[in-house]
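Engineer: Sharing target.cif, mmCIF, C-alpha atoms:
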```cif
data_target
#
loop_
_atom_site.label_atom_id
_atom_site.label_comp_id
_atom_site.auth_asym_id
_atom_site.auth_seq_id
_atom_site.Cartn_x
_atom_site.Cartn_y
_atom_site.Cartn_z
CA MET A 1123 80.26 126.55 192.45
CA SER A 1124 77.00 128.51 192.57
CA GLN A 1125 75.21 125.48 191.03
CA LEU A 1126 76.12 123.21 193.94
CA THR A 1127 73.45 122.30 196.43
CA PRO A 1128 74.07 123.35 200.05
CA GLU A 1129 75.01 119.75 200.87
CA GLN A 1130 77.45 119.51 197.94
CA TYR A 1131 79.02 122.83 198.87
CA LYS A 1132 79.48 121.71 202.47
CA GLU A 1133 81.13 118.45 201.34
CA LYS A 1134 83.44 120.36 198.98
CA MET A 1135 84.52 122.77 201.72
CA GLN A 1136 85.03 119.87 204.16
CA ARG A 1137 87.38 118.16 201.70
CA ARG A 1138 89.24 121.43 201.19
CA LYS A 1139 89.58 121.84 204.96
CA GLU A 1140 90.99 118.33 205.34
CA ILE A 1141 93.56 118.93 202.59
CA GLN A 1142 94.58 122.23 204.14
CA GLU A 1143 94.96 120.68 207.60
CA GLN A 1144 97.09 117.90 206.11
CA ARG A 1145 99.34 120.46 204.41
CA LEU A 1146 99.77 122.37 207.68
CA ASN A 1147 100.64 119.19 209.58
CA GLU A 1148 103.32 118.34 206.99
CA ARG A 1149 105.02 121.71 207.54
CA SER A 1150 106.25 121.54 211.11
CA HIS A 1151 109.49 123.55 211.23
CA SER A 1152 110.32 127.23 210.86
CA GLN A 1153 113.47 129.09 209.86
CA GLY A 1154 114.67 132.52 208.88
CA LEU A 1155 113.94 133.37 205.25
CA ILE A 1156 115.71 135.27 202.50
CA ILE A 1157 112.92 137.22 200.80
CA VAL A 1158 113.24 139.12 197.50
CA HIS A 1159 110.72 141.68 196.21
CA THR A 1160 111.56 142.64 192.63
CA GLY A 1161 109.92 143.56 189.32
CA ASP A 1162 108.84 146.77 187.58
CA GLY A 1163 105.58 147.19 189.48
CA LYS A 1164 104.93 149.41 192.47
CA GLY A 1165 104.70 147.94 195.96
CA LYS A 1166 108.03 146.25 196.65
CA THR A 1167 109.06 148.48 199.55
CA THR A 1168 105.47 148.88 200.73
CA ALA A 1169 105.04 145.11 201.06
CA ALA A 1170 108.37 144.80 202.86
CA LEU A 1171 107.42 147.56 205.31
CA GLY A 1172 104.22 145.65 206.02
CA MET A 1173 106.38 142.72 207.15
CA VAL A 1174 108.44 145.08 209.30
CA VAL A 1175 105.30 146.42 211.00
CA ARG A 1176 104.04 142.86 211.51
CA SER A 1177 107.38 141.86 213.07
CA LEU A 1178 107.33 144.91 215.35
CA GLY A 1179 103.86 143.85 216.45
CA HIS A 1180 105.33 140.52 217.54
CA GLY A 1181 107.94 142.36 219.59
CA PHE A 1182 110.81 141.50 217.23
CA LYS A 1183 113.89 143.68 216.86
CA CYS A 1184 114.18 144.93 213.26
CA ALA A 1185 116.49 147.02 211.10
CA ILE A 1186 115.93 148.91 207.86
CA VAL A 1187 118.84 150.00 205.67
CA GLN A 1188 117.73 152.17 202.78
CA PHE A 1189 119.88 152.18 199.63
CA ILE A 1190 119.62 154.77 196.83
CA LYS A 1191 116.64 156.89 197.91
CA GLY A 1192 117.63 157.75 201.46
CA ALA A 1193 117.75 161.48 200.75
CA TRP A 1194 113.94 161.52 200.57
CA GLU A 1195 113.64 161.13 204.38
CA PRO A 1196 110.31 159.34 203.77
CA ALA A 1197 107.19 159.45 205.88
CA GLU A 1198 107.81 155.82 206.79
CA LYS A 1199 110.84 156.85 208.82
CA ALA A 1200 108.78 159.40 210.74
CA ILE A 1201 106.05 156.95 211.69
CA LEU A 1202 108.39 154.04 212.41
CA SER A 1203 110.44 156.21 214.78
CA GLN A 1204 107.73 155.44 217.34
CA TRP A 1205 109.33 151.99 217.66
CA SER A 1206 112.84 153.34 218.28
CA GLU A 1207 113.57 150.72 220.94
CA GLN A 1208 112.78 147.88 218.52
CA LEU A 1209 113.79 149.37 215.18
CA GLU A 1210 116.97 150.77 213.65
CA PHE A 1211 116.34 152.86 210.51
CA GLN A 1212 119.37 153.82 208.42
CA ALA A 1213 118.73 155.97 205.33
CA MET A 1214 122.17 155.61 203.75
CA GLY A 1215 121.61 156.72 200.14
CA GLU A 1216 121.69 160.30 198.92
CA GLY A 1217 118.94 160.08 196.35
CA PHE A 1218 118.42 158.58 192.93
CA THR A 1219 121.47 158.21 190.73
CA TRP A 1220 120.38 160.88 188.25
CA GLU A 1221 120.26 163.34 191.15
CA THR A 1222 123.69 162.63 192.63
CA GLN A 1223 125.50 162.38 189.25
CA ASP A 1224 128.59 161.06 191.02
CA ARG A 1225 129.13 157.33 190.40
CA ASP A 1226 132.12 157.00 192.72
CA ARG A 1227 130.20 158.52 195.60
CA ASP A 1228 127.14 156.36 194.80
CA ILE A 1229 129.36 153.26 194.97
CA GLN A 1230 130.87 154.44 198.25
CA LYS A 1231 127.44 155.05 199.78
CA ALA A 1232 126.16 151.66 198.58
CA GLN A 1233 129.18 149.93 200.11
CA GLU A 1234 128.65 151.77 203.39
CA ALA A 1235 124.99 150.78 203.39
CA TRP A 1236 125.87 147.14 202.73
CA GLN A 1237 128.39 147.06 205.57
CA LYS A 1238 125.76 148.52 207.89
CA GLY A 1239 123.22 145.96 206.69
CA LEU A 1240 125.71 143.13 207.12
CA SER A 1241 126.34 144.18 210.71
CA TYR A 1242 122.62 143.77 211.39
CA ILE A 1243 122.43 140.47 209.49
CA LYS A 1244 125.21 138.96 211.61
CA ASN A 1245 123.72 140.25 214.87
CA PRO A 1246 121.40 137.58 216.35
CA GLU A 1247 119.44 140.25 218.25
CA TYR A 1248 117.71 141.29 215.00
CA GLN A 1249 114.94 139.01 213.78
CA LEU A 1250 114.21 140.92 210.54
CA ILE A 1251 116.39 143.14 208.35
CA LEU A 1252 115.09 145.06 205.33
CA LEU A 1253 117.65 146.05 202.70
CA ASP A 1254 115.53 148.50 200.74
CA GLU A 1255 116.47 149.10 197.07
CA ILE A 1256 119.63 146.98 197.35
CA ASN A 1257 118.66 145.24 194.10
CA VAL A 1258 118.97 148.56 192.28
CA ALA A 1259 122.46 149.04 193.70
CA LEU A 1260 123.32 145.56 192.42
CA LYS A 1261 121.80 146.25 189.00
CA LEU A 1262 123.84 149.45 188.67
CA GLY A 1263 127.06 147.63 189.59
CA TYR A 1264 127.59 149.43 192.90
CA LEU A 1265 127.68 146.07 194.70
CA GLU A 1266 128.65 142.54 193.65
CA ALA A 1267 125.99 139.84 193.87
CA GLN A 1268 128.50 137.25 195.12
CA GLU A 1269 129.40 139.51 198.04
CA ILE A 1270 125.75 139.88 199.04
CA VAL A 1271 125.11 136.14 198.75
CA ALA A 1272 128.16 135.43 200.92
CA GLY A 1273 126.93 137.93 203.49
CA LEU A 1274 123.46 136.39 203.58
CA ALA A 1275 125.05 133.01 204.30
CA GLN A 1276 126.31 134.46 207.60
CA LYS A 1277 122.86 135.22 209.00
CA PRO A 1278 121.64 133.32 212.06
CA GLU A 1279 119.22 130.51 211.26
CA SER A 1280 116.15 132.32 212.60
CA THR A 1281 116.82 135.73 210.99
CA HIS A 1282 114.69 136.99 208.09
CA VAL A 1283 116.22 139.30 205.46
CA ILE A 1284 114.16 141.16 202.83
CA LEU A 1285 115.86 142.60 199.74
CA THR A 1286 113.83 144.95 197.56
CA GLY A 1287 114.23 146.71 194.23
CA ARG A 1288 113.79 146.00 190.55
CA GLY A 1289 116.35 143.93 188.67
CA ALA A 1290 117.25 141.36 191.33
CA PRO A 1291 120.19 139.32 189.95
CA PRO A 1292 119.85 135.57 189.28
CA GLU A 1293 122.38 134.74 192.01
CA LEU A 1294 120.16 136.38 194.61
CA ILE A 1295 116.99 134.78 193.31
CA GLU A 1296 118.73 131.40 193.45
CA VAL A 1297 119.51 131.59 197.19
CA ALA A 1298 116.22 133.24 198.17
CA ASP A 1299 113.48 131.26 199.90
CA LEU A 1300 110.65 133.56 198.78
CA VAL A 1301 110.68 135.68 195.61
CA THR A 1302 107.84 137.95 194.54
CA GLU A 1303 107.87 139.84 191.24
CA MET A 1304 105.67 142.92 191.12
CA LYS A 1305 104.27 143.29 187.59
CA LEU A 1306 103.37 146.73 186.29
CA ILE A 1307 99.96 146.86 184.60
CA LYS A 1308 99.11 150.58 184.86
CA HIS A 1309 100.75 153.51 186.62
CA PRO A 1310 99.28 157.02 186.96
CA PHE A 1311 102.68 158.69 186.47
CA ARG A 1312 103.07 157.03 183.08
CA GLU A 1313 99.53 156.91 181.70
CA GLN A 1314 97.93 160.00 183.25
CA LYS A 1315 100.94 162.22 183.99
CA ILE A 1316 99.95 162.28 187.69
CA LYS A 1317 102.86 163.20 189.93
CA ALA A 1318 104.07 161.21 192.95
CA GLN A 1319 101.75 161.85 195.89
CA PRO A 1320 102.19 161.70 199.68
CA GLY A 1321 100.72 158.57 201.20
CA ILE A 1322 100.95 156.70 197.90
CA GLU A 1323 104.53 156.95 196.62
CA TYR A 1324 106.20 158.48 199.69
#
```
Rewrite the coordinates I just gave you, this time as structure tokens.

Structural biologist:
Amino acid sequence: MSQLTPEQYKEKMQRRKEIQEQRLNERSHSQGLIIVHTGDGKGKTTAALGMVVRSLGHGFKCAIVQFIKGAWEPAEKAILSQWSEQLEFQAMGEGFTWETQDRDRDIQKAQEAWQKGLSYIKNPEYQLILLDEINVALKLGYLEAQEIVAGLAQKPESTHVILTGRGAPPELIEVADLVTEMKLIKHPFREQKIKAQPGIEY
């Protein structure tokens, strides 16, 4: 592209603009999305929280239900509490599974978190619901994928639902409108033995 003359570059960008405008004109309707963030890389929850903040900025009513790692009481909950009139934040888990060491209780907590999430999903007042780390609960067998898919089918047409966590099952990926897989390339915990740090991991 650097070898193009200014006139050629301008023509190329004009064509690109016309194509982009045509694409936008062909996409005229909107609807609530089922969004899945999965994969082994970092950033699944972080990206989802970015969508929550964006939705809050639009004045939308949102809900976050945190599976598995709720015992951390993360910094996100502290900062998001400033939007208490728009946002419900439910940290339902009691920590990672190797910390609780009680499978029956983990299953019970996951089921409670799902029922709470489902209540938000079915409530048309909420425009966006984040089910954080629900994919991990599914992967561990604490929840059944068919039950989650059936619950998602009950959402109002304009409601967005984000489901995060590694190991998203095929059934969930199939019904999702948007799926992003975070791929791990390098991680300081693994390669450099650097511990989790505030502002980065929590």

Engineer: Which residue is closest to A:Ile1186? Choose from A:Met1214, A:Ile1251, A:Ile1141, A:Leu1155 and count only C-alpha atoms.

Structural biologist: A:Ile1251

Engineer: So the first atom is atom CA of A:Ser1203 and the second is atom CA of A:Asn1245; what is the distance between them in Å, to one decimal place?

Structural biologist: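 Separating atom CA of A:Ser1203 from atom CA of A:Asn1245 is a distance of 20.8 Å.
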
Engineer: My list of candidates is A:Leu1126, A:Leu1252, A:Ala1197, A:Ile1270. Which is closest to A:Gly1172 when distances are computed with only C-alpha atoms?

Structural biologist: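 Of A:Leu1126, A:Leu1252, A:Ala1197, A:Ile1270, the one nearest A:Gly1172 is A:Leu1252, counting only C-alpha atoms.
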
Engineer: Kindly resolve the PyMOL selection byres ((chain A and resi 1271) around 10) on the present coordinates and return the residues as a list in words.

Structural biologist: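 For this structure, the PyMOL selection byres ((chain A and resi 1271) around 10) captures Glu1266, Ala1267, Gln1268, Glu1269, Ile1270, Ala1272, Gly1273, Leu1274, Ala1275, Gln1276, Glu1293, Leu1294, Ile1295, Glu1296, Val1297 and Ala1298 of chain A.
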
Engineer: Please produce an output containing C-alpha atoms for each residue in the selection, written as an mmCIF file, in the coordinates of the input.

Structural biologist:
```
data_model
loop_
_atom_site.group_PDB
_atom_site.id
_atom_site.type_symbol
_atom_site.label_atom_id
_atom_site.label_comp_id
_atom_site.auth_asym_id
_atom_site.auth_seq_id
_atom_site.Cartn_x
_atom_site.Cartn_y
_atom_site.Cartn_z
ATOM 1 C CA GLU A 1266 128.650 142.540 193.650
ATOM 2 C CA ALA A 1267 125.990 139.840 193.870
ATOM 3 C CA GLN A 1268 128.500 137.250 195.120
ATOM 4 C CA GLU A 1269 129.400 139.510 198.040
ATOM 5 C CA ILE A 1270 125.750 139.880 199.040
ATOM 6 C CA ALA A 1272 128.160 135.430 200.920
ATOM 7 C CA GLY A 1273 126.930 137.930 203.490
ATOM 8 C CA LEU A 1274 123.460 136.390 203.580
ATOM 9 C CA ALA A 1275 125.050 133.010 204.300
ATOM 10 C CA GLN A 1276 126.310 134.460 207.600
ATOM 11 C CA GLU A 1293 122.380 134.740 192.010
ATOM 12 C CA LEU A 1294 120.160 136.380 194.610
ATOM 13 C CA ILE A 1295 116.990 134.780 193.310
ATOM 14 C CA GLU A 1296 118.730 131.400 193.450
ATOM 15 C CA VAL A 1297 119.510 131.590 197.190
ATOM 16 C CA ALA A 1298 116.220 133.240 198.170
#
```

Engineer: Exactly which residues make up the result of the PyMOL selection byres ((chain A and resi 1286) around 7) on this file, given as an MDAnalysis selection string?

Structural biologist: chainID A and resid 1158:1160 1166:1167 1253:1257 1284:1285 1287

Engineer: Return as a PyMOL selection string the set of residues that the PyMOL selection byres ((chain A and resi 1174-1181) around 9) yields on the displayed structure.

Structural biologist: chain A and resi 1169-1173+1182-1186+1202+1205+1208-1209+1249-1252

Engineer: Quick check, in Å to one decimal: how far apart do atom CA of A:Lys1317 and atom CA of A:Asp1162 lie?

Structural biologist: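 One can read the atom CA of A:Lys1317 to atom CA of A:Asp1162 distance as 17.6 Å.
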
Engineer: Measure the distance from atom CA of A:Thr1168 to atom CA of A:Leu1260 in Å and round it to one decimal.

Structural biologist: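 Rounded to one decimal, the two atoms are 20.0 Å apart.
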
Engineer: Return the single residue from A:Glu1247, A:Ala1290, A:Thr1281, A:His1151 that is closest to A:Thr1302, with distances computed using all atoms listed in the file.

Structural biologist: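 Between A:Glu1247, A:Ala1290, A:Thr1281, A:His1151, the residue approaching A:Thr1302 most closely is A:Ala1290.
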
Engineer: What lies within 9 Å of A:His1309 using only C-alpha atoms, ignoring chain neighbours under 6 positions off, as JSON, numbers by chain?

Structural biologist: {"A": [1163, 1164, 1316]}

Engineer: Nearest to A:Pro1246 among A:Asp1228, A:Arg1138, A:Lys1277, A:Leu1262, with distances taken over all atoms listed in the file: which residue is it?

Structural biologist: A:Lys1277

Engineer: My list of candidates is A:Glu1279, A:Glu1234, A:Glu1143, A:Asp1226. Which is closest to A:Phe1189 when distances are computed with all atoms listed in the file?

Structural biologist: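 Nearest to A:Phe1189: A:Glu1234.
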
Engineer: Measuring atom to atom with all atoms listed in the file, identify which of A:Arg1137, A:Lys1132, A:Lys1261, A:Arg1145 is nearest to A:Ile1190.

Structural biologist: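 For A:Ile1190, the nearest of the given residues is A:Lys1261.
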